[in-house]
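Next up, entry-v1.cif (mmCIF, C-alpha atoms):
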```cif
data_structure
#
loop_
_atom_site.label_atom_id
_atom_site.label_comp_id
_atom_site.auth_asym_id
_atom_site.auth_seq_id
_atom_site.Cartn_x
_atom_site.Cartn_y
_atom_site.Cartn_z
CA MET A 1 -49.94 29.31 33.49
CA ASN A 2 -52.46 30.74 31.03
CA ASN A 3 -49.64 32.53 29.21
CA GLU A 4 -47.67 29.28 28.90
CA SER A 5 -50.63 27.36 27.46
CA SER A 6 -51.45 30.17 25.02
CA ASN A 7 -47.80 30.24 23.89
CA ALA A 8 -47.83 26.48 23.38
CA THR A 9 -51.04 26.75 21.39
CA ALA A 10 -49.54 29.49 19.23
CA LEU A 11 -46.37 27.45 18.61
CA ALA A 12 -48.41 24.38 17.68
CA ALA A 13 -50.51 26.44 15.30
CA LYS A 14 -47.47 27.91 13.51
CA PRO A 15 -46.64 24.85 11.32
CA ALA A 16 -50.26 24.54 10.24
CA THR A 17 -50.42 28.28 9.48
CA ALA A 18 -47.14 28.13 7.49
CA ALA A 19 -48.35 25.10 5.57
CA ALA A 20 -51.68 26.75 4.85
CA ALA A 21 -49.92 29.91 3.65
CA ALA A 22 -47.65 27.87 1.40
CA SER A 23 -50.52 25.89 -0.06
CA ASP A 24 -52.61 29.05 -0.56
CA LYS A 25 -50.06 30.46 -3.00
CA SER A 26 -51.39 30.78 -6.53
CA PRO A 27 -50.07 28.21 -9.05
CA LEU A 28 -48.47 30.99 -11.13
CA ASP A 29 -46.65 32.45 -8.12
CA TYR A 30 -45.42 29.01 -7.11
CA LEU A 31 -44.27 28.24 -10.66
CA LYS A 32 -42.45 31.58 -10.84
CA HIS A 33 -40.53 30.90 -7.61
CA ASN A 34 -39.75 27.31 -8.63
CA PHE A 35 -39.03 27.88 -12.30
CA ARG A 36 -35.67 26.14 -12.04
CA GLU A 37 -37.39 22.91 -10.97
CA TYR A 38 -40.22 22.88 -13.51
CA GLY A 39 -38.76 24.95 -16.35
CA MET A 40 -37.02 22.06 -18.14
CA LEU A 41 -40.05 19.77 -17.83
CA ILE A 42 -42.18 22.44 -19.50
CA THR A 43 -39.44 22.90 -22.10
CA LEU A 44 -39.36 19.14 -22.84
CA VAL A 45 -43.14 19.06 -23.33
CA ALA A 46 -42.96 22.15 -25.58
CA ILE A 47 -40.14 20.61 -27.69
CA MET A 48 -42.10 17.38 -28.07
CA ILE A 49 -45.25 19.24 -29.16
CA PHE A 50 -43.19 21.31 -31.62
CA PHE A 51 -41.54 18.29 -33.27
CA GLN A 52 -44.79 16.30 -33.19
CA TYR A 53 -46.37 19.09 -35.24
CA MET A 54 -43.38 19.66 -37.53
CA THR A 55 -42.97 15.94 -38.29
CA ASP A 56 -46.69 15.42 -38.97
CA GLY A 57 -47.08 13.08 -36.01
CA THR A 58 -44.01 10.92 -36.72
CA LEU A 59 -42.28 11.74 -33.42
CA MET A 60 -44.90 10.03 -31.24
CA GLN A 61 -45.47 6.98 -33.38
CA PRO A 62 -44.88 3.75 -31.37
CA LEU A 63 -41.91 2.64 -33.49
CA ASN A 64 -40.17 6.02 -33.27
CA LEU A 65 -40.93 6.34 -29.55
CA THR A 66 -39.33 2.93 -28.94
CA ASN A 67 -36.27 3.99 -30.97
CA LEU A 68 -36.11 7.22 -28.96
CA VAL A 69 -35.90 5.22 -25.72
CA LEU A 70 -33.29 2.82 -27.11
CA GLN A 71 -31.16 5.61 -28.61
CA ASN A 72 -31.01 7.56 -25.35
CA SER A 73 -30.79 4.72 -22.85
CA TYR A 74 -27.00 4.80 -22.47
CA ILE A 75 -27.00 8.61 -22.20
CA VAL A 76 -29.58 8.49 -19.38
CA ILE A 77 -27.63 5.75 -17.56
CA MET A 78 -24.39 7.76 -17.69
CA ALA A 79 -26.21 11.01 -16.82
CA LEU A 80 -27.22 9.51 -13.46
CA GLY A 81 -23.57 8.90 -12.58
CA MET A 82 -22.41 12.21 -14.03
CA LEU A 83 -24.99 14.06 -11.93
CA MET A 84 -23.42 12.69 -8.74
CA VAL A 85 -19.94 13.69 -9.95
CA ILE A 86 -21.08 17.22 -10.87
CA VAL A 87 -23.04 17.67 -7.62
CA ALA A 88 -19.86 16.68 -5.75
CA GLY A 89 -18.08 19.54 -7.54
CA HIS A 90 -16.15 17.56 -10.18
CA ILE A 91 -16.44 16.56 -13.85
CA ASP A 92 -15.69 13.37 -15.81
CA LEU A 93 -14.61 13.77 -19.43
CA SER A 94 -13.65 10.12 -19.85
CA VAL A 95 -17.11 8.51 -19.81
CA GLY A 96 -17.42 8.25 -23.61
CA SER A 97 -14.00 6.57 -23.95
CA VAL A 98 -14.70 4.24 -20.99
CA CYS A 99 -18.03 3.32 -22.59
CA GLY A 100 -16.27 2.45 -25.87
CA PHE A 101 -13.45 0.59 -24.09
CA ILE A 102 -15.90 -1.58 -22.11
CA GLY A 103 -17.79 -2.39 -25.31
CA ALA A 104 -14.50 -3.47 -26.88
CA LEU A 105 -13.63 -5.59 -23.84
CA ALA A 106 -17.06 -7.26 -23.94
CA ALA A 107 -16.58 -8.04 -27.65
CA VAL A 108 -13.17 -9.61 -27.08
CA LEU A 109 -14.45 -11.74 -24.17
CA MET A 110 -17.70 -12.88 -25.80
CA VAL A 111 -16.84 -13.05 -29.51
CA GLU A 112 -13.14 -13.94 -29.58
CA TYR A 113 -12.88 -15.97 -26.35
CA GLY A 114 -16.42 -17.35 -26.34
CA TRP A 115 -17.32 -16.32 -22.78
CA HIS A 116 -20.94 -16.51 -21.65
CA PHE A 117 -22.48 -13.03 -21.50
CA VAL A 118 -23.15 -13.12 -17.71
CA PRO A 119 -19.52 -13.54 -16.46
CA ALA A 120 -18.28 -11.31 -19.29
CA SER A 121 -20.72 -8.57 -18.27
CA LEU A 122 -19.73 -8.90 -14.60
CA VAL A 123 -16.03 -8.60 -15.51
CA CYS A 124 -16.83 -5.48 -17.57
CA LEU A 125 -18.73 -3.88 -14.67
CA VAL A 126 -15.87 -4.63 -12.25
CA CYS A 127 -13.44 -3.19 -14.79
CA GLY A 128 -15.57 -0.03 -14.96
CA ALA A 129 -15.47 0.25 -11.17
CA LEU A 130 -11.67 -0.10 -11.20
CA ILE A 131 -11.34 2.58 -13.88
CA GLY A 132 -13.55 4.94 -11.89
CA GLY A 133 -11.63 4.08 -8.72
CA ILE A 134 -8.23 4.83 -10.28
CA GLN A 135 -9.41 8.20 -11.58
CA GLY A 136 -11.20 8.97 -8.32
CA TRP A 137 -8.05 8.12 -6.36
CA PHE A 138 -6.03 10.76 -8.20
CA VAL A 139 -8.82 13.34 -7.85
CA ALA A 140 -9.77 12.70 -4.22
CA PHE A 141 -6.49 11.81 -2.53
CA PHE A 142 -3.87 13.50 -4.72
CA ARG A 143 -6.02 16.62 -5.29
CA ILE A 144 -5.37 16.65 -9.04
CA PRO A 145 -8.22 18.53 -10.80
CA SER A 146 -10.82 16.13 -12.17
CA PHE A 147 -10.75 17.93 -15.51
CA ILE A 148 -7.08 16.95 -16.01
CA VAL A 149 -7.39 13.40 -14.67
CA THR A 150 -10.43 12.50 -16.77
CA LEU A 151 -9.06 14.26 -19.85
CA ALA A 152 -6.04 11.95 -19.55
CA GLY A 153 -8.43 9.03 -19.01
CA MET A 154 -10.32 9.95 -22.16
CA LEU A 155 -7.13 9.68 -24.22
CA VAL A 156 -5.91 6.52 -22.44
CA PHE A 157 -9.10 4.49 -22.84
CA LYS A 158 -9.69 5.67 -26.38
CA GLY A 159 -6.24 4.30 -27.22
CA LEU A 160 -6.81 1.07 -25.26
CA ALA A 161 -10.10 0.43 -27.09
CA LEU A 162 -8.28 0.85 -30.40
CA ALA A 163 -5.55 -1.53 -29.23
CA LEU A 164 -8.05 -4.16 -27.99
CA LEU A 165 -9.94 -4.15 -31.29
CA GLN A 166 -6.73 -3.80 -33.35
CA GLY A 167 -8.42 -1.06 -35.36
CA GLN A 168 -11.27 -3.31 -36.56
CA SER A 169 -14.92 -3.87 -35.61
CA VAL A 170 -15.62 -7.06 -33.64
CA GLY A 171 -19.02 -8.79 -33.66
CA PRO A 172 -21.73 -9.96 -33.75
CA PHE A 173 -22.62 -10.59 -30.11
CA PRO A 174 -24.58 -13.63 -28.89
CA ASP A 175 -28.36 -13.27 -29.21
CA SER A 176 -28.82 -13.58 -25.43
CA PHE A 177 -26.56 -10.55 -24.85
CA GLN A 178 -28.36 -8.49 -27.51
CA MET A 179 -31.59 -8.88 -25.51
CA LEU A 180 -30.18 -6.35 -23.01
CA SER A 181 -30.77 -3.56 -25.50
CA SER A 182 -32.99 -4.99 -28.25
CA GLY A 183 -35.23 -7.23 -26.14
CA PHE A 184 -38.73 -6.44 -24.88
CA MET A 185 -40.71 -7.41 -21.82
CA PRO A 186 -42.61 -10.65 -22.50
CA ASP A 187 -46.40 -10.39 -22.64
CA LEU A 188 -48.12 -12.82 -20.28
CA SER A 189 -51.42 -12.61 -22.21
CA GLY A 190 -49.69 -14.05 -25.29
CA GLY A 191 -51.63 -11.81 -27.69
CA ASP A 192 -50.27 -10.48 -30.97
CA GLY A 193 -51.89 -7.03 -30.63
CA LEU A 194 -51.72 -4.75 -27.61
CA ARG A 195 -49.17 -5.94 -25.04
CA MET A 196 -51.41 -5.86 -21.95
CA THR A 197 -48.64 -6.70 -19.49
CA SER A 198 -46.65 -3.62 -20.52
CA LEU A 199 -49.76 -1.40 -20.44
CA LEU A 200 -50.83 -2.63 -16.99
CA LEU A 201 -47.30 -2.11 -15.67
CA GLY A 202 -47.42 1.50 -16.92
CA VAL A 203 -50.82 2.06 -15.28
CA ALA A 204 -49.57 0.53 -12.00
CA LEU A 205 -46.47 2.75 -12.05
CA ALA A 206 -48.58 5.87 -12.70
CA ALA A 207 -50.87 4.98 -9.77
CA LEU A 208 -47.89 4.26 -7.50
CA LEU A 209 -46.23 7.59 -8.30
CA ALA A 210 -49.51 9.47 -7.78
CA VAL A 211 -50.06 7.86 -4.36
CA ALA A 212 -46.44 8.55 -3.38
CA GLY A 213 -46.84 12.19 -4.42
CA ILE A 214 -50.05 12.62 -2.41
CA ARG A 215 -48.48 11.05 0.67
CA GLY A 216 -45.36 13.19 0.29
CA ARG A 217 -47.41 16.39 0.04
CA ALA A 218 -49.50 15.42 3.09
CA LYS A 219 -46.30 14.82 5.06
CA GLN A 220 -44.97 18.26 4.05
CA LEU A 221 -48.17 19.96 5.20
CA ARG A 222 -48.12 18.02 8.46
CA HIS A 223 -44.63 19.31 9.26
CA GLY A 224 -45.28 22.87 8.10
CA ILE A 225 -43.00 22.61 5.06
CA GLN A 226 -43.85 24.67 2.00
CA ALA A 227 -45.82 22.49 -0.40
CA GLU A 228 -47.17 22.94 -3.90
CA PRO A 229 -50.55 24.69 -4.15
CA ALA A 230 -53.33 22.09 -4.17
CA ALA A 231 -54.63 23.03 -7.64
CA PHE A 232 -51.15 22.96 -9.17
CA PHE A 233 -50.28 19.66 -7.48
CA PHE A 234 -53.39 17.78 -8.59
CA VAL A 235 -53.28 19.13 -12.16
CA LYS A 236 -49.56 18.23 -12.41
CA THR A 237 -50.11 14.75 -10.96
CA ALA A 238 -53.10 14.04 -13.22
CA ALA A 239 -51.25 15.29 -16.32
CA PHE A 240 -48.09 13.29 -15.52
CA SER A 241 -50.11 10.11 -14.82
CA ALA A 242 -52.07 10.52 -18.06
CA LEU A 243 -48.86 11.04 -20.06
CA LEU A 244 -47.22 8.00 -18.47
CA ILE A 245 -50.23 5.80 -19.26
CA TYR A 246 -50.37 7.18 -22.80
CA PHE A 247 -46.66 6.46 -23.41
CA SER A 248 -47.16 2.96 -21.99
CA TYR A 249 -50.08 2.47 -24.39
CA LEU A 250 -48.00 3.62 -27.37
CA LEU A 251 -45.13 1.28 -26.45
CA ALA A 252 -47.56 -1.58 -25.73
CA SER A 253 -49.14 -1.13 -29.16
CA TYR A 254 -45.77 -1.88 -30.80
CA ARG A 255 -43.70 -4.53 -28.98
CA GLY A 256 -44.12 -3.57 -25.34
CA LEU A 257 -41.67 -2.10 -22.84
CA PRO A 258 -37.99 -2.44 -23.88
CA ASN A 259 -35.79 -4.31 -21.39
CA VAL A 260 -33.42 -1.36 -21.22
CA LEU A 261 -36.31 0.94 -20.23
CA ILE A 262 -36.97 -1.26 -17.19
CA VAL A 263 -33.26 -1.11 -16.30
CA MET A 264 -33.35 2.69 -16.67
CA ALA A 265 -36.49 2.99 -14.51
CA LEU A 266 -34.93 0.91 -11.72
CA LEU A 267 -31.75 3.01 -11.80
CA ILE A 268 -33.71 6.28 -11.79
CA PHE A 269 -35.74 5.10 -8.78
CA LEU A 270 -32.58 3.96 -6.98
CA PHE A 271 -30.69 7.23 -7.52
CA HIS A 272 -33.77 9.32 -6.71
CA PHE A 273 -34.01 7.44 -3.40
CA VAL A 274 -30.27 7.71 -2.67
CA THR A 275 -30.06 11.45 -3.38
CA GLY A 276 -33.28 12.35 -1.55
CA ARG A 277 -33.61 9.89 1.31
CA THR A 278 -30.16 8.71 2.40
CA THR A 279 -27.29 10.17 4.41
CA VAL A 280 -24.83 9.45 1.59
CA GLY A 281 -26.93 11.47 -0.86
CA ARG A 282 -27.13 14.46 1.47
CA ARG A 283 -23.39 14.29 2.08
CA VAL A 284 -22.65 14.42 -1.66
CA TYR A 285 -24.69 17.64 -1.90
CA ALA A 286 -22.89 19.02 1.16
CA LEU A 287 -19.53 18.14 -0.42
CA GLY A 288 -20.35 20.05 -3.60
CA GLY A 289 -21.94 22.97 -1.76
CA ASN A 290 -19.01 23.66 0.56
CA GLU A 291 -16.21 21.12 0.86
CA LYS A 292 -14.50 22.81 3.80
CA ALA A 293 -17.71 23.02 5.82
CA ALA A 294 -18.51 19.40 4.97
CA LYS A 295 -15.07 18.29 6.16
CA LEU A 296 -15.38 20.27 9.40
CA SER A 297 -18.76 18.64 10.05
CA GLY A 298 -17.12 15.22 10.03
CA ILE A 299 -17.78 14.07 6.46
CA LYS A 300 -14.89 12.12 4.92
CA THR A 301 -14.86 14.19 1.76
CA GLU A 302 -11.99 12.38 0.02
CA ARG A 303 -13.65 8.99 0.36
CA LEU A 304 -17.01 10.38 -0.77
CA ALA A 305 -15.49 11.96 -3.90
CA PHE A 306 -13.70 8.67 -4.59
CA TYR A 307 -16.98 6.73 -4.45
CA THR A 308 -18.72 9.11 -6.87
CA PHE A 309 -16.08 8.27 -9.49
CA VAL A 310 -16.38 4.52 -8.78
CA ASN A 311 -20.13 4.85 -9.28
CA MET A 312 -19.54 6.76 -12.52
CA GLY A 313 -17.20 4.04 -13.78
CA VAL A 314 -19.77 1.28 -13.14
CA LEU A 315 -22.53 3.21 -14.93
CA ALA A 316 -20.23 4.04 -17.86
CA ALA A 317 -19.46 0.31 -18.12
CA LEU A 318 -23.18 -0.55 -18.04
CA ALA A 319 -23.82 2.05 -20.73
CA GLY A 320 -20.99 0.54 -22.79
CA LEU A 321 -22.65 -2.89 -22.57
CA VAL A 322 -26.04 -1.44 -23.56
CA PHE A 323 -24.55 0.46 -26.50
CA ALA A 324 -22.58 -2.57 -27.71
CA ALA A 325 -25.67 -4.78 -27.47
CA ARG A 326 -27.71 -2.25 -29.44
CA LEU A 327 -25.04 -1.84 -32.13
CA ASN A 328 -24.36 -5.63 -32.11
CA THR A 329 -20.68 -4.93 -32.66
CA ALA A 330 -17.79 -3.09 -30.99
CA THR A 331 -16.12 -0.39 -33.06
CA PRO A 332 -13.02 1.74 -32.35
CA LYS A 333 -15.15 4.91 -32.60
CA ALA A 334 -17.83 3.76 -30.12
CA GLY A 335 -18.52 6.32 -27.41
CA LEU A 336 -17.12 9.24 -29.42
CA GLY A 337 -18.66 12.47 -28.11
CA PHE A 338 -20.89 10.74 -25.54
CA GLU A 339 -19.31 12.71 -22.71
CA LEU A 340 -20.57 15.96 -24.25
CA ASP A 341 -24.17 14.71 -24.45
CA VAL A 342 -24.02 13.36 -20.89
CA ILE A 343 -22.58 16.56 -19.39
CA ALA A 344 -25.01 18.66 -21.43
CA ALA A 345 -27.95 16.56 -20.15
CA CYS A 346 -26.97 17.29 -16.54
CA PHE A 347 -26.50 21.02 -17.05
CA ILE A 348 -29.67 21.38 -19.13
CA GLY A 349 -31.50 19.49 -16.37
CA GLY A 350 -30.53 22.10 -13.78
CA ALA A 351 -27.23 20.90 -12.31
CA SER A 352 -24.90 23.71 -11.30
CA ALA A 353 -21.37 23.92 -12.69
CA SER A 354 -20.14 24.96 -9.24
CA GLY A 355 -21.54 21.82 -7.56
CA GLY A 356 -24.06 21.20 -4.80
CA VAL A 357 -27.15 21.56 -7.01
CA GLY A 358 -28.91 19.08 -9.28
CA LYS A 359 -31.71 16.52 -9.31
CA VAL A 360 -32.00 13.03 -10.76
CA MET A 361 -35.21 13.78 -12.67
CA GLY A 362 -33.60 16.95 -14.00
CA ALA A 363 -30.72 14.96 -15.50
CA VAL A 364 -33.19 12.47 -17.03
CA ILE A 365 -35.29 15.29 -18.49
CA GLY A 366 -32.13 16.96 -19.82
CA ALA A 367 -31.10 13.71 -21.53
CA PHE A 368 -34.49 13.39 -23.21
CA VAL A 369 -34.44 17.06 -24.25
CA MET A 370 -31.22 16.30 -26.15
CA GLY A 371 -32.64 13.00 -27.43
CA VAL A 372 -35.91 14.47 -28.70
CA MET A 373 -34.04 17.30 -30.40
CA ASN A 374 -31.64 14.84 -32.11
CA ASN A 375 -34.52 12.61 -33.19
CA GLY A 376 -36.78 15.42 -34.34
CA MET A 377 -34.06 17.21 -36.29
CA SER A 378 -33.05 13.94 -37.98
CA ILE A 379 -36.65 13.30 -39.05
CA LEU A 380 -36.84 16.84 -40.45
CA GLY A 381 -33.63 16.22 -42.42
CA ILE A 382 -31.52 18.83 -40.63
CA GLY A 383 -27.83 18.09 -41.19
CA ILE A 384 -25.48 17.01 -38.42
CA ASP A 385 -23.63 20.32 -38.73
CA TYR A 386 -26.65 22.43 -37.80
CA GLN A 387 -27.73 19.88 -35.19
CA GLN A 388 -24.44 20.48 -33.34
CA VAL A 389 -24.93 24.26 -33.56
CA ILE A 390 -28.47 24.06 -32.17
CA LYS A 391 -27.47 21.72 -29.32
CA GLY A 392 -24.61 24.06 -28.39
CA VAL A 393 -26.95 27.05 -28.28
CA VAL A 394 -29.46 25.13 -26.12
CA LEU A 395 -26.70 24.14 -23.66
CA LEU A 396 -25.42 27.71 -23.41
CA ALA A 397 -28.97 29.03 -22.92
CA ALA A 398 -29.64 26.50 -20.12
CA VAL A 399 -26.47 27.44 -18.22
CA PHE A 400 -27.16 31.15 -18.80
CA VAL A 401 -30.65 30.82 -17.26
CA ASP A 402 -29.16 28.93 -14.29
CA VAL A 403 -26.49 31.59 -13.65
CA TYR A 404 -28.99 34.43 -14.20
CA ASN A 405 -31.47 33.01 -11.68
CA LYS A 406 -28.66 32.41 -9.15
CA ASN A 407 -27.38 35.99 -9.47
CA LYS A 408 -30.92 37.33 -9.21
CA VAL A 409 -31.39 35.60 -5.88
#
```
Produce structure tokens that represent the structure in this file.
Amino acid sequence: MNNESSNATALAAKPATAAAAASDKSPLDYLKHNFREYGMLITLVAIMIFFQYMTDGTLMQPLNLTNLVLQNSYIVIMALGMLMVIVAGHIDLSVGSVCGFIGALAAVLMVEYGWHFVPASLVCLVCGALIGGIQGWFVAFFRIPSFIVTLAGMLVFKGLALALLQGQSVGPFPDSFQMLSSGFMPDLSGGDGLRMTSLLLGVALAALLAVAGIRGRAKQLRHGIQAEPAAFFFVKTAAFSALLIYFSYLLASYRGLPNVLIVMALLIFLFHFVTGRTTVGRRVYALGGNEKAAKLSGIKTERLAFYTFVNMGVLAALAGLVFAARLNTATPKAGLGFELDVIAACFIGGASASGGVGKVMGAVIGAFVMGVMNNGMSILGIGIDYQQVIKGVVLLAAVFVDVYNKNKV
């Protein structure tokens, strides 16, 4: 009897001991073993500091920071969908053409046919879902490689956009539709200076994320799961909260939070929840990690792959609407090369080319790494030719580090 109770006590003590051992790790050791997770965040901060210094403070000015958000909004939106496709073990090369095609469709409906922007936008989103569904059907049920299907889609929708616009730009859009990309959150205080509503929203979000992080860490320790060292966790949380409040202050000192930033934040939260807390999210990772094992475990892999492409189509359509609203016109060349920036954002953010690996915040960070580099190099007057070279080198370096770390393990 004594042996049984001592065994039970030892078993109960194991989770606490494991948690204590995990939390006793030094911050440097923890960072070394989790470099893949934190490496790109550190890289983004380093790139921002570098360009802030090289541009004599221009990068972080409120006007430029607002432009940085607006310029990268559609890339971030598409990167969320592309992450799910890549994690599932596929790729979508058609997103740039779909984005341009949806912008052209929106222009025809709103400008030429005089539709109100709400039904026109809904039709465009449904059209995006249909496009994603058609491509996903060929990939999932006919087993045609996604590279081939979406390469064909890229050519098809580029041609359809050209046909819809008849080779000419169509615009301008109604003012109400432009608010999607060029509008800002209204300030309830009604002041002309600092937009207090936007600042308080940023402070509230920082506090909410900090509380969620503390509760999450406490839950990990309670269940004996390896958690971040206490010193590292609190320094990271304090630094992230301070940066978030500072960015909110900078945006509030200009015109407040852009509408598209709120849309992006809601989508990021949604996809972070889906990938981390739902059965569907876990099944997508299982599909990309080992499709045969996922199928044997009862997951309907074909249907899941199909839905990832439908999701990608909807987000590409939303990005097309945002880009068209920002440009205030639809052009035949809209969306050209977007697919490269979106795919690069996912891989730079830590997604694996073989599937099964990738995080939502990684894709967002990867998108902003590309965005800050584009913005900073443009301010410094670096030509588009060398910008492409530098972005290519950064992408190759990110994938090399990923493959190197995987082989090392």
Practice item. To one decimal in Å, tell me the separation between atom CA of Pro172 of chain A and atom CA of Glu112 of chain A. Key: 10.3 Å
**Study point:** Hits of the PyMOL selection byres ((chain A and resi 275-288) around 8) in this structure, as a ChimeraX atom specification
**Key:** /A:84,86-89,271-274,289-291,294-295,299,301,304-305,354-357,359-360
Exercise for review: Using atom CA of Thr43 of chain A and atom CA of Val399 of chain A as the two end points, give the distance in Å to one decimal.
Suggested key: 14.3 Å
**Study point:** Result set, the PyMOL selection byres ((chain A and resi 398) around 9) on current file, as a PyMOL selection string
**Key:** chain A and resi 40+347-350+393-397+399-403
Practice item. Extract, using all atoms listed in the file, all DNA, RNA and protein residues at most 8 Å from Ile77 of chain A, discarding same-chain residues fewer than 4 positions from it, and format them as a VMD selection string. Key: chain A and resid 73 81 264 267 315 to 316 318 to 319
Check your understanding: Just how far from atom CA of Ile47 of chain A is atom CA of Gly335 of chain A, in Å to one decimal?
Key -> 25.9 Å
Practice item. Just say which residues the PyMOL selection byres ((chain A and resi 110) around 12) picks in this file, as a ChimeraX atom specification. Key: /A:103-109,111-121,123-124,170-178,321,324-325,328-330
Practice item. Find the spatial neighbours of segment 308-313 of chain A, counting all atoms listed in the file, within a cut-off of 10 Å - ignore same-chain residues fewer than 2 positions away - and output them as a VMD selection string. Key: chain A and resid 77 to 88 90 to 92 94 to 95 98 to 99 125 to 137 139 to 140 146 284 303 to 306 315 to 319
**Study point:** Shell around segment 56-61 of chain A at 9 Å using all atoms listed in the file, local window under 5 positions removed, as a ChimeraX atom specification
**Key:** /A:48,51,66,68,247,250-251,372,375-376,379
Check your understanding: Within 7 Å of segment 254-261 of chain A, counting all atoms listed in the file, which residues qualify if same-chain residues fewer than 2 places away don't, as a PyMOL selection string?
Key -> chain A and resi 62-63+69+73+180-181+183-185+195+198+250-252+263-265
Once 4 Å is added on each side, what centre and edge lengths in Å to one decimal does the axis-aligned box around all listed atoms of segment 257-274 of chain A have, as AutoDock Vina command-line options?
```
--center_x -36.0 --center_y 2.5 --center_z -13.3 --size_x 19.4 --size_y 21.6 --size_z 29.2
```
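Proximity ranking of A:Leu194, A:Leu208, A:Leu65, A:Leu93 relative to Leu155 of chain A places A:Leu93 first, based on all atoms listed in the file.
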Study note, to complete from the structure: Nearest to Met361 of chain A, restricted to all atoms listed in the file and choosing among A:Tyr246, A:Tyr53, A:Phe269, A:Phe147, comes out as A:Phe269
